[in-house]
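Undergrad: Provided below: target26.cif, containing mmCIF, C-alpha atoms.
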```
data_my_file
#
loop_
_atom_site.label_atom_id
_atom_site.label_comp_id
_atom_site.auth_asym_id
_atom_site.auth_seq_id
_atom_site.Cartn_x
_atom_site.Cartn_y
_atom_site.Cartn_z
CA ASP A 1 -32.53 -7.07 18.53
CA LEU A 2 -35.34 -7.29 15.96
CA ASP A 3 -33.32 -9.21 13.36
CA TYR A 4 -30.60 -11.84 13.22
CA VAL A 5 -27.85 -11.31 15.78
CA ARG A 6 -24.74 -11.54 13.62
CA CYS A 7 -21.97 -11.07 16.18
CA GLY A 8 -21.16 -10.54 19.83
CA VAL A 9 -18.29 -9.95 22.21
CA SER A 10 -17.88 -9.89 25.98
CA ALA A 11 -16.00 -7.23 27.91
CA GLY A 12 -12.54 -8.18 29.08
CA GLY A 13 -12.85 -6.34 32.37
CA SER A 14 -16.32 -7.59 33.33
CA SER A 15 -17.99 -10.85 32.40
CA ASP A 16 -21.39 -9.23 32.96
CA LEU A 17 -21.09 -6.86 29.99
CA VAL A 18 -21.85 -8.20 26.53
CA VAL A 19 -22.09 -6.41 23.17
CA SER A 20 -24.26 -7.71 20.34
CA GLY A 21 -24.50 -6.63 16.70
CA SER A 22 -27.51 -7.32 14.53
CA TYR A 23 -28.72 -7.11 10.96
CA ASP A 24 -31.29 -4.57 12.18
CA GLN A 25 -28.35 -2.10 12.12
CA THR A 26 -28.11 -1.82 15.92
CA VAL A 27 -25.30 -2.47 18.38
CA LEU A 28 -26.47 -3.14 21.94
CA LEU A 29 -24.51 -3.16 25.20
CA TRP A 30 -26.06 -5.58 27.68
CA ASP A 31 -25.56 -5.98 31.42
CA ARG A 32 -26.44 -9.54 32.38
CA ARG A 33 -27.49 -8.31 35.81
CA ASN A 34 -30.26 -6.31 34.12
CA LYS A 35 -31.70 -8.36 31.28
CA ALA A 36 -34.79 -6.23 30.75
CA GLU A 37 -33.25 -3.73 28.33
CA PRO A 38 -29.81 -2.83 26.95
CA VAL A 39 -27.61 -0.32 28.75
CA ILE A 40 -26.62 1.42 25.50
CA LYS A 41 -28.20 1.24 22.06
CA ILE A 42 -26.23 2.37 19.00
CA ASN A 43 -27.41 2.67 15.40
CA HIS A 44 -24.57 1.76 13.04
CA GLY A 45 -26.53 2.69 9.94
CA ALA A 46 -26.08 -0.64 8.13
CA PRO A 47 -26.47 -4.34 8.98
CA VAL A 48 -23.76 -5.06 11.55
CA GLU A 49 -21.29 -7.80 10.61
CA ASP A 50 -18.85 -7.64 13.54
CA VAL A 51 -18.17 -5.81 16.80
CA LEU A 52 -14.97 -5.46 18.78
CA LEU A 53 -14.10 -3.97 22.16
CA LEU A 54 -10.74 -2.24 22.40
CA PRO A 55 -8.46 -2.83 25.41
CA GLY A 56 -9.98 -1.14 28.45
CA ASP A 57 -13.55 -1.76 27.21
CA SER A 58 -14.24 1.95 26.84
CA LEU A 59 -14.15 2.04 23.03
CA LEU A 60 -16.26 -0.10 20.72
CA VAL A 61 -15.70 -0.82 17.03
CA SER A 62 -18.56 -1.83 14.76
CA ALA A 63 -18.44 -2.96 11.13
CA GLY A 64 -21.33 -2.83 8.70
CA GLY A 65 -21.61 -2.05 5.03
CA ASN A 66 -18.22 -0.75 3.91
CA THR A 67 -17.88 1.39 7.06
CA VAL A 68 -16.08 0.91 10.35
CA LYS A 69 -17.16 3.13 13.25
CA ILE A 70 -15.58 3.83 16.64
CA TRP A 71 -17.86 4.52 19.63
CA ASP A 72 -17.12 5.86 23.11
CA LEU A 73 -19.10 3.77 25.58
CA THR A 74 -18.14 5.98 28.52
CA ALA A 75 -19.95 8.85 26.79
CA GLY A 76 -23.12 6.84 26.26
CA GLY A 77 -22.18 5.50 22.84
CA ARG A 78 -21.01 8.72 21.20
CA ARG A 79 -19.44 8.19 17.78
CA LEU A 80 -15.79 9.23 17.66
CA THR A 81 -14.98 8.59 14.02
CA SER A 82 -15.97 6.65 10.93
CA VAL A 83 -13.70 5.18 8.23
CA SER A 84 -14.43 3.37 4.98
CA PRO A 85 -11.32 1.37 4.09
CA HIS A 86 -13.10 -1.04 1.73
CA HIS A 87 -15.26 -0.98 -1.40
CA LYS A 88 -17.54 -3.78 -0.24
CA THR A 89 -19.01 -5.05 3.04
CA VAL A 90 -16.59 -5.29 5.99
CA THR A 91 -17.12 -8.76 7.44
CA SER A 92 -14.58 -9.17 10.26
CA LEU A 93 -12.48 -7.21 12.75
CA CYS A 94 -9.47 -7.97 14.95
CA LEU A 95 -6.57 -6.20 16.65
CA ALA A 96 -2.86 -6.25 15.89
CA ASP A 97 0.35 -4.61 17.11
CA GLY A 98 -0.69 -4.97 20.73
CA GLY A 99 -3.96 -3.15 20.18
CA GLN A 100 -2.36 -0.26 18.32
CA SER A 101 -3.79 -1.34 14.96
CA LEU A 102 -7.24 -2.42 13.80
CA VAL A 103 -7.40 -5.11 11.10
CA THR A 104 -10.45 -5.35 8.83
CA ALA A 105 -11.50 -7.97 6.28
CA SER A 106 -14.00 -7.46 3.49
CA LEU A 107 -15.86 -9.07 0.62
CA ASP A 108 -13.57 -7.06 -1.68
CA ARG A 109 -10.85 -9.68 -0.88
CA GLN A 110 -8.74 -7.14 1.00
CA VAL A 111 -7.38 -7.07 4.54
CA LYS A 112 -6.54 -3.58 5.79
CA ARG A 113 -4.53 -2.48 8.81
CA ILE A 114 -5.61 0.82 10.37
CA ASN A 115 -3.53 2.81 12.83
CA MET A 116 -5.69 3.54 15.88
CA SER A 117 -3.92 6.81 16.68
CA ASP A 118 -4.80 8.63 13.43
CA PHE A 119 -7.05 6.03 11.68
CA ASN A 120 -4.87 5.98 8.57
CA ILE A 121 -4.42 2.78 6.57
CA THR A 122 -0.89 1.44 7.14
CA GLY A 123 -1.06 -1.90 5.33
CA SER A 124 -3.06 -4.02 2.91
CA ILE A 125 -3.10 -7.67 1.82
CA SER A 126 -5.02 -9.18 -1.11
CA PHE A 127 -6.64 -12.61 -0.93
CA PRO A 128 -7.92 -14.77 -3.80
CA SER A 129 -11.55 -14.78 -2.61
CA SER A 130 -14.03 -12.76 -0.55
CA LEU A 131 -13.16 -12.76 3.15
CA LEU A 132 -15.52 -13.74 5.93
CA SER A 133 -13.09 -13.70 8.87
CA VAL A 134 -9.59 -12.55 9.77
CA ALA A 135 -7.14 -13.08 12.61
CA VAL A 136 -3.58 -11.95 13.35
CA HIS A 137 -0.96 -13.93 15.26
CA PRO A 138 -0.01 -12.34 18.61
CA ASP A 139 3.52 -11.79 17.30
CA ASN A 140 2.09 -10.11 14.17
CA ASN A 141 4.00 -12.58 11.97
CA TYR A 142 0.97 -14.18 10.35
CA VAL A 143 -2.41 -13.05 9.02
CA VAL A 144 -5.11 -15.71 8.62
CA GLY A 145 -8.08 -15.16 6.34
CA GLY A 146 -11.19 -17.33 6.09
CA MET A 147 -12.69 -17.04 2.63
CA ALA A 148 -16.14 -17.52 1.15
CA ASP A 149 -14.97 -20.47 -0.99
CA GLY A 150 -14.32 -22.49 2.19
CA LEU A 151 -10.54 -22.12 2.17
CA VAL A 152 -8.25 -20.60 4.77
CA GLN A 153 -5.09 -18.80 3.72
CA ILE A 154 -2.18 -17.94 6.01
CA VAL A 155 0.01 -15.03 4.95
CA GLU A 156 3.42 -14.60 6.52
CA LYS A 157 4.65 -11.08 7.16
CA SER A 158 7.51 -10.21 4.85
CA LYS A 159 10.83 -9.86 6.60
CA GLU A 160 12.27 -6.64 5.29
CA LYS A 161 16.03 -6.23 5.63
CA TYR A 162 17.73 -2.86 5.76
CA VAL A 163 21.36 -2.06 4.98
CA ASP A 164 22.59 1.46 5.76
CA GLY A 165 18.98 2.59 6.04
CA VAL A 166 18.02 1.23 2.60
CA LYS A 167 15.53 -1.63 2.29
CA VAL A 168 17.03 -4.60 0.52
CA ASP A 169 15.23 -5.31 -2.78
CA GLY A 170 13.46 -1.98 -2.49
CA ARG A 171 13.26 0.48 -5.35
CA ARG A 172 16.13 2.55 -4.03
CA ALA A 173 18.33 -0.52 -3.52
CA ARG A 174 17.65 -1.78 -7.04
CA LYS A 175 18.41 1.66 -8.38
CA GLU A 176 21.72 1.82 -6.58
CA ARG A 177 22.71 -1.60 -7.93
CA SER A 178 22.02 -0.51 -11.49
CA HIS A 179 25.14 0.11 -13.59
CA ARG A 180 23.85 3.56 -14.49
CA TYR A 181 24.16 4.72 -10.91
CA LEU A 182 27.40 3.00 -9.85
CA LYS A 183 29.42 6.16 -10.50
CA TYR A 184 27.22 8.08 -8.02
CA THR A 185 27.38 5.52 -5.20
CA HIS A 186 30.02 4.17 -2.87
CA PHE A 187 31.43 1.82 -5.54
CA THR A 188 35.20 1.56 -5.20
CA PRO A 189 37.20 -0.18 -7.93
CA ALA A 190 39.61 -2.86 -6.82
CA ALA A 191 43.31 -2.78 -7.58
CA GLY A 192 43.84 -3.59 -11.25
CA ASP A 193 40.29 -2.70 -12.33
CA ILE A 194 39.92 -0.60 -15.44
CA VAL A 195 37.23 2.05 -15.04
CA VAL A 196 35.60 3.13 -18.27
CA ASP A 197 34.02 6.57 -18.28
CA GLY A 198 30.49 6.11 -19.54
CA GLY A 199 29.67 9.81 -19.45
CA LYS A 200 30.64 10.49 -23.06
CA ARG A 201 28.83 8.55 -25.74
CA GLY A 202 29.85 8.25 -29.35
CA TYR A 203 28.11 10.84 -31.51
CA GLU A 204 27.66 10.59 -35.26
CA ALA A 205 27.47 13.93 -37.03
CA LYS A 206 24.64 14.48 -39.45
CA HIS A 207 26.91 14.80 -42.47
CA ASP A 208 28.66 11.54 -41.51
CA HIS A 209 25.26 9.88 -41.28
CA HIS A 210 24.46 10.91 -44.86
CA LEU A 211 27.88 9.98 -46.13
CA ARG A 212 27.56 6.51 -44.64
CA LYS A 213 24.33 6.12 -46.63
CA TYR A 214 25.98 7.50 -49.81
CA GLU A 215 23.77 10.58 -49.71
CA TYR A 216 26.44 13.05 -50.74
CA SER A 217 24.13 15.94 -51.66
CA LYS A 218 22.39 15.83 -48.30
CA ALA A 219 25.72 15.66 -46.50
CA LEU A 220 26.92 18.76 -48.31
CA ASP A 221 23.66 20.59 -47.61
CA VAL A 222 24.10 19.93 -43.90
CA THR A 223 27.62 21.43 -43.87
CA LEU A 224 26.53 24.47 -45.90
CA ASN A 225 23.72 25.64 -43.62
CA PRO A 226 24.46 29.03 -41.95
CA PHE A 227 24.89 27.61 -38.45
CA ALA A 228 27.40 24.97 -39.59
CA GLN A 229 29.26 27.56 -41.65
CA ARG A 230 29.71 29.79 -38.60
CA LYS A 231 30.69 27.00 -36.20
CA THR A 232 32.55 24.46 -38.36
CA PRO A 233 33.27 25.85 -41.83
CA GLU A 234 35.98 23.24 -42.38
CA LEU A 235 33.35 20.46 -42.61
CA ALA A 236 32.18 21.69 -46.01
CA HIS A 237 35.74 21.42 -47.37
CA SER A 238 36.13 17.94 -45.93
CA VAL A 239 32.92 16.79 -47.58
CA LEU A 240 33.97 18.27 -50.91
#
```
For this file, write the structure as structure tokens.
TA:
Amino acid sequence: DLDYVRCGVSAGGSSDLVVSGSYDQTVLLWDRRNKAEPVIKINHGAPVEDVLLLPGDSLLVSAGGNTVKIWDLTAGGRRLTSVSPHHKTVTSLCLADGGQSLVTASLDRQVKRINMSDFNITGSISFPSSLLSVAVHPDNNYVVGGMADGLVQIVEKSKEKYVDGVKVDGRRARKERSHRYLKYTHFTPAAGDIVVDGGKRGYEAKHDHHLRKYEYSKALDVTLNPFAQRKTPELAHSVL
């Protein structure tokens, strides 16, 4: 490396293989049995902040700039895909869900969870300050973020409860609890309850509105218009 080595990781299957990431934008795979030159050299395209080997040591993840890239080491370092889940520099990587998800932290104060099967973002957590490191508990119950202000924050995974397939306190559950929707749900009145039909609301006719305000001429005009005369001719007589 021609610049500062920012990060490194050793292979799980062989203690002789080491990966380094540098601010010169390169990721190098080293074999300690051959220290003369790297086995594989990869150009990330931005100063590298973190590297991570996936289970099996055949796939490598590098983070630099706002981009995360996946490389196939068995194919000589061929790039498989590239994702940009953040608006600012990605500073840290780790695995979650038994290696099925990639977790990224960034200076934009966000932690993102990426599904490794389709590389879609499946979760996000906001922190109060820019993130420099991230880790996930093996049981996936806690996410720990190390921030630029020197503080560490631990976020517990929300325990979502489901009843009859509906998430408690979710939008659908709140909607079903609303009085407007009780008549369309499984609500059953108890013995002795009086059920009031809320379907029909009181309606004040236009002529009644004017009469209530002592506007007798306007009330009469309303009852004398052609439509009212065809539909309810008796209203004009009642107003008179």
Undergrad: From the set A:Leu29, A:Val90, A:Val134, A:Val239, which residue has the shortest atom-to-atom contact distance to Thr74 (chain A), counting only C-alpha atoms?
TA: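 Among A:Leu29, A:Val90, A:Val134, A:Val239, it is A:Leu29 that comes nearest to Thr74 (chain A).
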Undergrad: Within 10 Å of Thr104 (chain A), counting all atoms listed in the file, which residues qualify if same-chain residues fewer than 2 places away don't, as a list in words?
TA: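 With the cut-off at 10 Å, the set is Asp50, Ala63, Val68, Pro85, His86, Val90, Thr91, Ser92, Leu93, Cys94, Leu95, Ser101, Leu102, Ser106, Gln110, Val111, Lys112, Arg113, Ile114, Ser124, Leu131, Ser133, Val134 and Ala135 of chain A.
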Undergrad: Any chance you can output those residues with C-alpha atoms as a CSV table (one decimal), in the coordinates of the input?
TA:
```
chain,number,residue,atom,x,y,z
A,50,ASP,CA,-18.8,-7.6,13.5
A,63,ALA,CA,-18.4,-3.0,11.1
A,68,VAL,CA,-16.1,0.9,10.4
A,85,PRO,CA,-11.3,1.4,4.1
A,86,HIS,CA,-13.1,-1.0,1.7
A,90,VAL,CA,-16.6,-5.3,6.0
A,91,THR,CA,-17.1,-8.8,7.4
A,92,SER,CA,-14.6,-9.2,10.3
A,93,LEU,CA,-12.5,-7.2,12.8
A,94,CYS,CA,-9.5,-8.0,15.0
A,95,LEU,CA,-6.6,-6.2,16.6
A,101,SER,CA,-3.8,-1.3,15.0
A,102,LEU,CA,-7.2,-2.4,13.8
A,106,SER,CA,-14.0,-7.5,3.5
A,110,GLN,CA,-8.7,-7.1,1.0
A,111,VAL,CA,-7.4,-7.1,4.5
A,112,LYS,CA,-6.5,-3.6,5.8
A,113,ARG,CA,-4.5,-2.5,8.8
A,114,ILE,CA,-5.6,0.8,10.4
A,124,SER,CA,-3.1,-4.0,2.9
A,131,LEU,CA,-13.2,-12.8,3.2
A,133,SER,CA,-13.1,-13.7,8.9
A,134,VAL,CA,-9.6,-12.6,9.8
A,135,ALA,CA,-7.1,-13.1,12.6
```
Undergrad: To one decimal place in Å, what is the distance between CA of Asp149 (chain A) and CA of Ala105 (chain A)?
TA: 14.9 Å
Undergrad: Report, in Å with one decimal, the straight-line distance from CA of Gly65 (chain A) to CA of Ser129 (chain A).
TA: 17.9 Å
Undergrad: Figure out the distance between CA of Val51 (chain A) and CA of Thr67 (chain A), please, to one decimal in Å.
TA: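 Separating CA of Thr67 (chain A) from CA of Val51 (chain A) is a distance of 12.1 Å.
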